[in-house]
file data-v1.cif (mmCIF, C-alpha atoms)
data_target
loop_
_atom_site.group_PDB
_atom_site.id
_atom_site.type_symbol
_atom_site.label_atom_id
_atom_site.label_comp_id
_atom_site.auth_asym_id
_atom_site.auth_seq_id
_atom_site.Cartn_x
_atom_site.Cartn_y
_atom_site.Cartn_z
ATOM 1 C CA MET A 18 5.549 -1.402 31.060
ATOM 2 C CA GLN A 19 2.542 -0.849 33.330
ATOM 3 C CA LYS A 20 3.466 -0.180 36.961
ATOM 4 C CA ASN A 21 1.106 -1.140 39.775
ATOM 5 C CA TYR A 22 1.271 0.433 43.211
ATOM 6 C CA TYR A 23 -0.195 -0.977 46.403
ATOM 7 C CA VAL A 24 -0.533 0.310 49.942
ATOM 8 C CA ALA A 25 -0.973 -1.915 52.988
ATOM 9 C CA GLY A 26 -1.194 -0.858 56.630
ATOM 10 C CA GLY A 27 -0.248 2.717 55.767
ATOM 11 C CA VAL A 28 3.015 1.696 54.067
ATOM 12 C CA ILE A 29 3.332 1.662 50.290
ATOM 13 C CA ILE A 30 4.499 -1.562 48.734
ATOM 14 C CA LEU A 31 5.862 -1.059 45.260
ATOM 15 C CA LEU A 32 5.505 -4.076 42.981
ATOM 16 C CA LEU A 33 7.693 -3.980 39.921
ATOM 17 C CA GLY A 34 9.459 -6.861 38.252
ATOM 18 C CA GLY A 35 8.987 -9.085 41.290
ATOM 19 C CA LEU A 36 10.748 -6.689 43.705
ATOM 20 C CA PHE A 37 9.122 -5.230 46.820
ATOM 21 C CA PHE A 38 10.195 -1.959 48.412
ATOM 22 C CA PHE A 39 8.837 -0.892 51.767
ATOM 23 C CA GLY A 40 9.083 2.025 52.008
ATOM 24 C CA SER A 41 8.496 11.458 75.195
ATOM 25 C CA SER A 42 11.003 12.858 76.832
ATOM 26 C CA SER A 43 12.300 16.378 77.502
ATOM 27 C CA LYS A 44 15.752 14.889 77.008
ATOM 28 C CA SER A 45 15.120 15.062 73.250
ATOM 29 C CA THR A 46 15.619 18.845 73.337
ATOM 30 C CA GLU A 47 19.044 19.761 71.959
ATOM 31 C CA ASN A 48 20.676 22.512 74.019
ATOM 32 C CA ASP A 49 23.949 22.851 72.161
ATOM 33 C CA SER A 50 23.500 25.138 69.150
ATOM 34 C CA GLY A 51 27.087 24.673 68.000
ATOM 35 C CA ASN A 52 27.845 22.777 64.803
ATOM 36 C CA ALA A 53 24.413 23.664 63.419
ATOM 37 C CA LEU A 54 25.175 22.148 59.998
ATOM 38 C CA THR A 55 27.291 19.036 59.543
ATOM 39 C CA PRO A 56 28.041 17.847 55.986
ATOM 40 C CA VAL A 57 26.884 14.275 55.376
ATOM 41 C CA SER A 58 26.743 12.001 52.347
ATOM 42 C CA SER A 59 23.316 10.429 52.757
ATOM 43 C CA PHE A 60 20.128 10.006 54.757
ATOM 44 C CA SER A 61 17.730 7.092 55.219
ATOM 45 C CA HIS A 62 14.171 6.354 56.350
ATOM 46 C CA PRO A 63 12.651 9.729 55.347
ATOM 47 C CA HIS A 64 9.369 10.782 56.958
ATOM 48 C CA GLY A 65 8.719 14.214 55.455
ATOM 49 C CA ILE A 66 9.919 17.031 53.227
ATOM 50 C CA GLY A 67 9.490 20.809 53.210
ATOM 51 C CA VAL A 68 10.742 23.565 50.905
ATOM 52 C CA ASP A 69 11.966 26.708 52.658
ATOM 53 C CA ILE A 70 9.263 29.357 52.231
ATOM 54 C CA ALA A 71 11.786 32.032 51.209
ATOM 55 C CA ASP A 72 14.431 30.014 49.342
ATOM 56 C CA ALA A 73 13.358 27.289 46.907
ATOM 57 C CA LYS A 74 16.838 25.743 46.941
ATOM 58 C CA LYS A 75 16.709 24.910 50.637
ATOM 59 C CA VAL A 76 14.838 21.675 51.263
ATOM 60 C CA TYR A 77 14.321 20.127 54.702
ATOM 61 C CA ILE A 78 14.078 16.344 55.047
ATOM 62 C CA ALA A 79 12.795 14.742 58.255
ATOM 63 C CA THR A 80 14.117 11.229 58.850
ATOM 64 C CA HIS A 81 14.449 8.341 61.250
ATOM 65 C CA GLU A 82 17.626 10.005 62.536
ATOM 66 C CA GLY A 83 16.801 13.705 62.722
ATOM 67 C CA LEU A 84 16.443 16.633 60.343
ATOM 68 C CA PHE A 85 18.557 17.231 57.238
ATOM 69 C CA LEU A 86 19.020 20.148 54.849
ATOM 70 C CA LEU A 87 19.501 19.721 51.101
ATOM 71 C CA SER A 88 21.009 22.940 49.733
ATOM 72 C CA GLU A 89 21.339 24.016 46.080
ATOM 73 C CA ASP A 90 20.046 20.589 45.022
ATOM 74 C CA LYS A 91 23.385 18.963 45.863
ATOM 75 C CA ASP A 92 24.831 19.688 49.334
ATOM 76 C CA LEU A 93 23.441 17.647 52.226
ATOM 77 C CA PHE A 94 23.759 18.592 55.915
ATOM 78 C CA ARG A 95 22.564 17.258 59.244
ATOM 79 C CA ILE A 96 20.918 20.037 61.259
ATOM 80 C CA GLY A 97 22.054 20.209 64.875
ATOM 81 C CA LYS A 98 22.900 17.110 66.889
ATOM 82 C CA ASN A 99 19.403 15.811 67.521
ATOM 83 C CA LYS A 100 18.845 12.314 66.099
ATOM 84 C CA ASP A 101 15.247 11.716 67.173
ATOM 85 C CA ASP A 102 12.981 9.816 64.794
ATOM 86 C CA LEU A 103 10.801 12.563 63.300
ATOM 87 C CA MET A 104 7.855 10.453 62.161
ATOM 88 C CA GLY A 105 5.582 13.481 61.820
ATOM 89 C CA PHE A 106 6.923 16.696 60.274
ATOM 90 C CA SER A 107 5.251 19.939 59.170
ATOM 91 C CA PRO A 108 6.809 23.327 58.338
ATOM 92 C CA HIS A 109 5.128 26.501 59.553
ATOM 93 C CA PRO A 110 3.324 28.106 56.575
ATOM 94 C CA THR A 111 4.775 31.610 57.067
ATOM 95 C CA GLU A 112 7.817 31.343 59.373
ATOM 96 C CA ALA A 113 10.871 29.949 57.584
ATOM 97 C CA SER A 114 12.700 28.693 60.676
ATOM 98 C CA THR A 115 9.709 27.173 62.445
ATOM 99 C CA PHE A 116 8.836 23.472 62.133
ATOM 100 C CA PHE A 117 6.639 21.054 64.055
ATOM 101 C CA SER A 118 7.285 17.363 64.612
ATOM 102 C CA SER A 119 6.402 14.228 66.506
ATOM 103 C CA GLY A 120 7.924 10.773 66.720
ATOM 104 C CA HIS A 121 10.321 8.735 68.849
ATOM 105 C CA SER A 122 13.108 9.966 71.085
ATOM 106 C CA THR A 123 16.608 8.522 70.903
ATOM 107 C CA TYR A 124 16.330 8.240 74.698
ATOM 108 C CA GLY A 125 13.279 5.988 74.414
ATOM 109 C CA GLY A 126 9.551 6.626 74.310
ATOM 110 C CA ASN A 127 7.562 9.078 72.223
ATOM 111 C CA ILE A 128 8.348 12.751 71.699
ATOM 112 C CA GLY A 129 4.836 14.135 71.918
ATOM 113 C CA PHE A 130 4.212 17.273 69.868
ATOM 114 C CA GLN A 131 7.235 19.561 69.546
ATOM 115 C CA LYS A 132 8.387 22.739 67.824
ATOM 116 C CA THR A 133 11.583 24.410 66.680
ATOM 117 C CA VAL A 134 11.992 28.129 65.955
ATOM 118 C CA ASN A 135 15.644 27.981 64.845
ATOM 119 C CA GLY A 136 15.422 25.721 61.828
ATOM 120 C CA GLY A 137 15.719 22.429 63.689
ATOM 121 C CA ILE A 138 18.847 23.118 65.745
ATOM 122 C CA THR A 139 16.889 22.797 69.002
ATOM 123 C CA TRP A 140 13.391 21.501 69.748
ATOM 124 C CA LYS A 141 10.910 22.124 72.557
ATOM 125 C CA LYS A 142 8.030 19.863 73.501
ATOM 126 C CA ILE A 143 4.735 21.746 73.403
ATOM 127 C CA SER A 144 2.436 19.015 74.721
ATOM 128 C CA ASP A 145 1.878 15.283 75.088
ATOM 129 C CA GLY A 146 -1.288 15.211 72.978
ATOM 130 C CA LEU A 147 -4.180 12.886 73.848
ATOM 131 C CA GLY A 148 -3.253 9.433 75.110
ATOM 132 C CA GLY A 149 0.385 10.386 74.801
ATOM 133 C CA PRO A 150 3.093 11.294 74.698
ATOM 134 C CA VAL A 151 1.921 10.937 71.110
ATOM 135 C CA ASP A 152 3.843 9.665 68.128
ATOM 136 C CA PHE A 153 2.049 11.255 65.173
ATOM 137 C CA HIS A 154 2.899 9.259 62.051
ATOM 138 C CA SER A 155 0.507 11.446 60.039
ATOM 139 C CA MET A 156 0.500 15.128 60.907
ATOM 140 C CA THR A 157 -0.203 18.480 59.277
ATOM 141 C CA VAL A 158 -0.371 22.150 60.205
ATOM 142 C CA SER A 159 -3.070 24.235 58.527
ATOM 143 C CA GLN A 160 -1.665 26.386 55.736
ATOM 144 C CA ALA A 161 -4.468 28.902 56.285
ATOM 145 C CA ASN A 162 -4.211 29.041 60.097
ATOM 146 C CA PRO A 163 -1.090 27.552 61.736
ATOM 147 C CA ASN A 164 -2.823 27.416 65.110
ATOM 148 C CA ILE A 165 -4.826 24.478 63.721
ATOM 149 C CA ILE A 166 -2.875 21.215 63.814
ATOM 150 C CA TYR A 167 -3.864 17.604 63.200
ATOM 151 C CA GLY A 168 -2.159 14.362 64.191
ATOM 152 C CA PHE A 169 -3.078 10.673 63.955
ATOM 153 C CA PHE A 170 -2.196 8.491 66.932
ATOM 154 C CA GLY A 171 -3.618 5.297 68.417
ATOM 155 C CA GLY A 172 -6.137 4.922 65.601
ATOM 156 C CA LYS A 173 -7.690 8.346 66.237
ATOM 157 C CA LEU A 174 -7.291 11.759 64.624
ATOM 158 C CA GLU A 175 -6.537 14.567 67.079
ATOM 159 C CA ARG A 176 -7.001 18.296 66.508
ATOM 160 C CA SER A 177 -5.522 21.337 68.192
ATOM 161 C CA LEU A 178 -6.900 24.835 67.744
ATOM 162 C CA ASP A 179 -4.284 26.627 69.858
ATOM 163 C CA GLY A 180 -0.956 25.737 68.273
ATOM 164 C CA GLY A 181 -0.621 22.346 69.936
ATOM 165 C CA LEU A 182 -1.134 23.337 73.563
ATOM 166 C CA SER A 183 -4.385 21.400 73.914
ATOM 167 C CA TRP A 184 -6.033 18.671 71.835
ATOM 168 C CA GLU A 185 -9.415 17.119 71.093
ATOM 169 C CA TYR A 186 -10.554 14.163 69.024
ATOM 170 C CA VAL A 187 -12.324 14.954 65.762
ATOM 171 C CA LYS A 188 -15.829 13.526 65.377
ATOM 172 C CA GLY A 189 -15.236 11.961 61.981
ATOM 173 C CA ALA A 190 -13.571 8.600 61.390
ATOM 174 C CA VAL A 191 -10.628 8.435 59.008
ATOM 175 C CA ALA A 192 -7.411 6.409 58.772
ATOM 176 C CA PRO A 193 -4.876 8.638 57.013
ATOM 177 C CA ILE A 194 -1.686 7.489 55.358
ATOM 178 C CA SER A 195 -0.837 11.193 55.139
ATOM 179 C CA LEU A 196 -2.590 14.488 55.870
ATOM 180 C CA SER A 197 -2.563 17.868 54.135
ATOM 181 C CA SER A 198 -4.501 21.091 54.495
ATOM 182 C CA ASP A 199 -6.175 23.538 52.192
ATOM 183 C CA THR A 200 -4.052 26.562 51.351
ATOM 184 C CA LYS A 201 -6.831 29.138 51.882
ATOM 185 C CA ASN A 202 -9.723 27.612 53.847
ATOM 186 C CA GLU A 203 -8.830 26.691 57.431
ATOM 187 C CA ASN A 204 -11.846 24.379 57.700
ATOM 188 C CA VAL A 205 -10.714 22.050 54.876
ATOM 189 C CA LEU A 206 -8.515 19.034 55.547
ATOM 190 C CA TYR A 207 -7.396 16.209 53.235
ATOM 191 C CA ALA A 208 -6.505 12.631 54.111
ATOM 192 C CA SER A 209 -4.722 10.276 51.726
ATOM 193 C CA THR A 210 -6.049 6.816 52.537
ATOM 194 C CA GLN A 211 -6.360 3.218 51.356
ATOM 195 C CA ASN A 212 -9.543 4.376 49.626
ATOM 196 C CA GLY A 213 -8.470 7.461 47.699
ATOM 197 C CA VAL A 214 -8.382 10.992 49.099
ATOM 198 C CA GLN A 215 -10.962 11.932 51.707
ATOM 199 C CA ILE A 216 -11.913 15.569 52.259
ATOM 200 C CA SER A 217 -13.332 17.223 55.366
ATOM 201 C CA LYS A 218 -14.887 20.680 55.211
ATOM 202 C CA ASP A 219 -15.413 20.993 58.959
ATOM 203 C CA LYS A 220 -11.964 20.429 60.467
ATOM 204 C CA GLY A 221 -12.219 16.638 60.457
ATOM 205 C CA ASP A 222 -15.686 16.163 61.936
ATOM 206 C CA SER A 223 -17.106 14.612 58.730
ATOM 207 C CA TRP A 224 -15.541 13.121 55.606
ATOM 208 C CA GLN A 225 -16.367 12.323 51.997
ATOM 209 C CA SER A 226 -14.506 11.076 48.941
ATOM 210 C CA MET A 227 -12.847 13.908 47.027
ATOM 211 C CA SER A 228 -12.536 12.229 43.615
ATOM 212 C CA SER A 229 -14.135 9.173 42.046
ATOM 213 C CA GLN A 230 -10.977 8.709 39.961
ATOM 214 C CA LEU A 231 -8.938 8.018 43.094
ATOM 215 C CA ALA A 232 -11.556 6.119 45.113
ATOM 216 C CA GLY A 233 -11.050 2.401 45.531
ATOM 217 C CA GLY A 234 -7.263 2.570 45.510
ATOM 218 C CA ALA A 235 -4.526 3.605 47.894
ATOM 219 C CA VAL A 236 -3.078 7.123 47.818
ATOM 220 C CA SER A 237 0.225 7.896 49.551
ATOM 221 C CA VAL A 238 0.192 11.685 49.240
ATOM 222 C CA PHE A 239 -2.020 14.589 48.102
ATOM 223 C CA VAL A 240 -0.776 18.199 48.090
ATOM 224 C CA LEU A 241 -2.181 21.480 46.746
ATOM 225 C CA ASP A 242 0.035 24.094 45.125
ATOM 226 C CA PRO A 243 -0.177 27.225 47.327
ATOM 227 C CA LEU A 244 0.522 29.486 44.336
ATOM 228 C CA SER A 245 -2.043 28.070 41.880
ATOM 229 C CA THR A 246 -5.005 25.709 41.531
ATOM 230 C CA TYR A 247 -2.892 22.625 40.788
ATOM 231 C CA ALA A 248 -2.691 19.541 42.944
ATOM 232 C CA LEU A 249 -0.503 16.448 42.800
ATOM 233 C CA THR A 250 -1.047 12.939 44.116
ATOM 234 C CA PHE A 251 0.500 9.484 43.975
ATOM 235 C CA SER A 252 -2.279 6.984 43.443
ATOM 236 C CA GLU A 253 -2.779 3.277 42.897
ATOM 237 C CA LYS A 254 -5.780 3.951 40.631
ATOM 238 C CA LEU A 255 -3.779 6.313 38.434
ATOM 239 C CA GLY A 256 -0.808 3.958 38.352
ATOM 240 C CA GLY A 257 1.526 6.585 39.858
ATOM 241 C CA MET A 258 1.711 10.372 39.799
ATOM 242 C CA GLY A 259 -1.393 12.362 38.892
ATOM 243 C CA LYS A 260 -2.033 16.061 38.371
ATOM 244 C CA SER A 261 -5.268 17.985 38.821
ATOM 245 C CA SER A 262 -6.058 21.491 37.571
ATOM 246 C CA ASP A 263 -9.346 21.806 39.458
ATOM 247 C CA GLY A 264 -8.192 21.320 43.035
ATOM 248 C CA GLY A 265 -8.382 17.532 43.074
ATOM 249 C CA THR A 266 -11.707 16.549 41.499
ATOM 250 C CA THR A 267 -10.423 15.327 38.128
ATOM 251 C CA TRP A 268 -6.992 13.918 37.329
ATOM 252 C CA GLN A 269 -4.565 13.236 34.507
ATOM 253 C CA LYS A 270 -1.664 10.789 34.695
ATOM 254 C CA VAL A 271 1.799 12.370 34.718
ATOM 255 C CA GLU A 272 4.329 10.693 32.451
ATOM 256 C CA GLU A 273 6.674 10.046 35.322
ATOM 257 C CA THR A 274 10.421 9.446 35.382
ATOM 258 C CA PHE A 275 10.725 7.924 38.855
ATOM 259 C CA GLY A 276 12.337 4.678 37.767
ATOM 260 C CA GLY A 277 9.713 2.535 39.456
ATOM 261 C CA GLU A 278 10.009 4.264 42.847
ATOM 262 C CA ALA A 279 6.946 5.333 44.824
ATOM 263 C CA ILE A 280 6.431 8.937 45.928
ATOM 264 C CA PHE A 281 5.810 9.222 49.662
ATOM 265 C CA TYR A 282 6.150 12.999 50.168
ATOM 266 C CA LEU A 283 5.673 16.167 48.089
ATOM 267 C CA SER A 284 6.376 19.832 48.854
ATOM 268 C CA PHE A 285 5.637 22.921 46.737
ATOM 269 C CA SER A 286 7.768 26.046 46.817
ATOM 270 C CA LYS A 287 6.022 29.203 48.013
ATOM 271 C CA SER A 288 8.654 31.500 46.522
ATOM 272 C CA GLN A 289 9.158 29.999 43.068
ATOM 273 C CA VAL A 290 6.087 29.203 40.968
ATOM 274 C CA GLY A 291 5.998 25.662 39.612
ATOM 275 C CA THR A 292 8.856 24.288 41.732
ATOM 276 C CA ILE A 293 8.137 21.051 43.595
ATOM 277 C CA TYR A 294 10.252 18.448 45.367
ATOM 278 C CA ALA A 295 9.329 14.785 45.707
ATOM 279 C CA LEU A 296 10.770 12.203 48.084
ATOM 280 C CA THR A 297 10.550 8.495 47.294
ATOM 281 C CA ASN A 298 10.446 5.229 49.197
ATOM 282 C CA ARG A 299 14.104 4.629 48.272
ATOM 283 C CA ASN A 300 15.454 7.974 49.570
ATOM 284 C CA SER A 301 15.604 9.572 46.119
ATOM 285 C CA VAL A 302 14.786 13.262 45.672
ATOM 286 C CA TYR A 303 13.166 14.513 42.464
ATOM 287 C CA LYS A 304 12.485 18.077 41.359
ATOM 288 C CA SER A 305 10.009 19.664 38.972
ATOM 289 C CA ILE A 306 10.136 23.262 37.765
ATOM 290 C CA ASN A 307 6.986 23.090 35.614
ATOM 291 C CA SER A 308 4.249 22.302 38.151
ATOM 292 C CA GLY A 309 4.833 18.564 38.040
ATOM 293 C CA ASP A 310 4.676 17.950 34.300
ATOM 294 C CA SER A 311 8.232 16.587 34.230
ATOM 295 C CA TRP A 312 10.769 15.559 36.854
ATOM 296 C CA THR A 313 14.542 15.404 37.297
ATOM 297 C CA LYS A 314 16.323 13.248 39.829
ATOM 298 C CA ILE A 315 18.682 15.445 41.868
ATOM 299 C CA ARG A 316 19.676 12.909 44.500
#

call {"tool": "encode", "arguments": {"input": "data-v1.cif", "output": "structure tokens"}}
result
Amino acid sequence: MQKNYYVAGGVIILLLGGLFFFGSSSKSTENDSGNALTPVSSFSHPHGIGVDIADAKKVYIATHEGLFLLSEDKDLFRIGKNKDDLMGFSPHPTEASTFFSSGHSTYGGNIGFQKTVNGGITWKKISDGLGGPVDFHSMTVSQANPNIIYGFFGGKLERSLDGGLSWEYVKGAVAPISLSSDTKNENVLYASTQNGVQISKDKGDSWQSMSSQLAGGAVSVFVLDPLSTYALTFSEKLGGMGKSSDGGTTWQKVEETFGGEAIFYLSFSKSQVGTIYALTNRNSVYKSINSGDSWTKIR
């Protein structure tokens, strides 16, 4: 049965069999480092995923109610006591315990741009961003240079070149559903949009379509494998998951096993070649160990 995927207003709407699935304050800093990991049975409203850079069986999931750890593909834990809505989430490319986030505070208002250096147990606000405190729904940290950070807020894309201390607006116009960076070139940025994947080769100051195969349809996510030349995407034009072996120019449909769910987030392992985790609009977690050719539901 052919599956059709649609995106509206930055939120994917999955149409299948007539069913629709939609998928700042300093007080938000957690000072009590006790009870760092609390076993839980589930999470909801995910906003991001990241594989630990040193251990492929440790997966971090940012949600509407804080940060969670999925260990050994089965054990789920809440990290710390912080329950802020982490709308934007990006792991540091080389430091395993460092993450960046943005979103809404449980105390009210927006978080701004914040950072943790102890795996999410405590967070510290770095800055308000422009027009903030910001609430970056789309955010990414450059894989090639972690001092370069991008966030989308108030209809504008902001850029920091100093680790989030100060911000400027990019010159180019883009409306990202999600953002990702090139793994080697710090000048290259990707935006998954309602009109395919857009690529910028000058840190967001100008944009062009990356692939004619994806143009004209919504894309929820685009991610490059840091250990190879592969890329994965979830695209309306492809009818679901696609894989590219040339960095994103040409694509082949993956024979997916997602049960009609839409993929919102993808994260490649940097320590185990071919290992990828995918997070869906219905809180399911899938895993591939062969560079995305096949998938197994683990949660």

call {"tool": "closest_residue", "arguments": {"input": "data-v1.cif", "among": "A:Gly137, A:Gly181, A:Gly65, A:Pro243", "to": "Ser155 in chain A", "atoms": "only C-alpha atoms"}}
result
A:Gly65

call {"tool": "resolve_selection", "arguments": {"input": "data-v1.cif", "expression": "the PyMOL selection byres ((chain A and resi 202) around 9)", "output": "ChimeraX atom specification"}}
result
/A:159-162,198-201,203-206,218

call {"tool": "write_last_selection", "arguments": {"input": "data-v1.cif", "atoms": "C-alpha atoms", "output": "short mmCIF file (atom, residue, chain, number, x, y, z; two decimals), in the coordinates of the input"}}
result
data_model
loop_
_atom_site.label_atom_id
_atom_site.label_comp_id
_atom_site.auth_asym_id
_atom_site.auth_seq_id
_atom_site.Cartn_x
_atom_site.Cartn_y
_atom_site.Cartn_z
CA SER A 159 -3.07 24.24 58.53
CA GLN A 160 -1.66 26.39 55.74
CA ALA A 161 -4.47 28.90 56.28
CA ASN A 162 -4.21 29.04 60.10
CA SER A 198 -4.50 21.09 54.50
CA ASP A 199 -6.18 23.54 52.19
CA THR A 200 -4.05 26.56 51.35
CA LYS A 201 -6.83 29.14 51.88
CA GLU A 203 -8.83 26.69 57.43
CA ASN A 204 -11.85 24.38 57.70
CA VAL A 205 -10.71 22.05 54.88
CA LEU A 206 -8.52 19.03 55.55
CA LYS A 218 -14.89 20.68 55.21
#

call {"tool": "resolve_selection", "arguments": {"input": "data-v1.cif", "expression": "the PyMOL selection byres ((chain A and resi 293-301) around 8)", "output": "ChimeraX atom specification"}}
result
/A:38-40,60-63,65-66,68,278-286,291-292,302-306,308-309,314-316

call {"tool": "write_last_selection", "arguments": {"input": "data-v1.cif", "atoms": "C-alpha atoms", "output": "mmCIF file, in the frame of the given file"}}
result
data_model
loop_
_atom_site.group_PDB
_atom_site.id
_atom_site.type_symbol
_atom_site.label_atom_id
_atom_site.label_comp_id
_atom_site.auth_asym_id
_atom_site.auth_seq_id
_atom_site.Cartn_x
_atom_site.Cartn_y
_atom_site.Cartn_z
ATOM 1 C CA PHE A 38 10.195 -1.959 48.412
ATOM 2 C CA PHE A 39 8.837 -0.892 51.767
ATOM 3 C CA GLY A 40 9.083 2.025 52.008
ATOM 4 C CA PHE A 60 20.128 10.006 54.757
ATOM 5 C CA SER A 61 17.730 7.092 55.219
ATOM 6 C CA HIS A 62 14.171 6.354 56.350
ATOM 7 C CA PRO A 63 12.651 9.729 55.347
ATOM 8 C CA GLY A 65 8.719 14.214 55.455
ATOM 9 C CA ILE A 66 9.919 17.031 53.227
ATOM 10 C CA VAL A 68 10.742 23.565 50.905
ATOM 11 C CA GLU A 278 10.009 4.264 42.847
ATOM 12 C CA ALA A 279 6.946 5.333 44.824
ATOM 13 C CA ILE A 280 6.431 8.937 45.928
ATOM 14 C CA PHE A 281 5.810 9.222 49.662
ATOM 15 C CA TYR A 282 6.150 12.999 50.168
ATOM 16 C CA LEU A 283 5.673 16.167 48.089
ATOM 17 C CA SER A 284 6.376 19.832 48.854
ATOM 18 C CA PHE A 285 5.637 22.921 46.737
ATOM 19 C CA SER A 286 7.768 26.046 46.817
ATOM 20 C CA GLY A 291 5.998 25.662 39.612
ATOM 21 C CA THR A 292 8.856 24.288 41.732
ATOM 22 C CA VAL A 302 14.786 13.262 45.672
ATOM 23 C CA TYR A 303 13.166 14.513 42.464
ATOM 24 C CA LYS A 304 12.485 18.077 41.359
ATOM 25 C CA SER A 305 10.009 19.664 38.972
ATOM 26 C CA ILE A 306 10.136 23.262 37.765
ATOM 27 C CA SER A 308 4.249 22.302 38.151
ATOM 28 C CA GLY A 309 4.833 18.564 38.040
ATOM 29 C CA LYS A 314 16.323 13.248 39.829
ATOM 30 C CA ILE A 315 18.682 15.445 41.868
ATOM 31 C CA ARG A 316 19.676 12.909 44.500
#

call {"tool": "resolve_selection", "arguments": {"input": "data-v1.cif", "expression": "the PyMOL selection byres ((chain A and resi 108) around 10)", "output": "ChimeraX atom specification"}}
result
/A:65-70,77,106-107,109-118,132-133,136,157-160,163

call {"tool": "closest_residue", "arguments": {"input": "data-v1.cif", "among": "A:Glu82, A:Asp152, A:Asp72, A:Glu89", "to": "Gly168 in chain A", "atoms": "all atoms listed in the file"}}
result
A:Asp152

call {"tool": "residues_near_point", "arguments": {"input": "data-v1.cif", "point": "(-2.9, 14.9, 38.7)", "cutoff": "7 Å", "atoms": "all atoms listed in the file", "output": "list in words"}}
result
Ala248, Leu249, Thr250, Met258, Gly259, Lys260, Ser261, Trp268, Gln269, Lys270 and Val271 of chain A

call {"tool": "atom_distance", "arguments": {"input": "data-v1.cif", "atom1": "CA of Ala192 in chain A", "atom2": "CA of Lys142 in chain A"}}
result
25.2 Å

call {"tool": "closest_residue", "arguments": {"input": "data-v1.cif", "among": "A:Met227, A:Val290, A:Ile96, A:Val57", "to": "Leu84 in chain A", "atoms": "only C-alpha atoms"}}
result
A:Ile96

call {"tool": "residues_around", "arguments": {"input": "data-v1.cif", "residues": "Leu103 in chain A", "least_positions_apart": "2", "cutoff": "8 Å", "atoms": "only C-alpha atoms", "output": "PyMOL selection string"}}
result
chain A and resi 64+79-84+101+105-106+118-121

call {"tool": "atom_distance", "arguments": {"input": "data-v1.cif", "atom1": "CA of Gln211 in chain A", "atom2": "CA of Thr274 in chain A"}}
result
24.0 Å

call {"tool": "atom_distance", "arguments": {"input": "data-v1.cif", "atom1": "CA of Phe153 in chain A", "atom2": "CA of Tyr167 in chain A"}}
result
8.9 Å
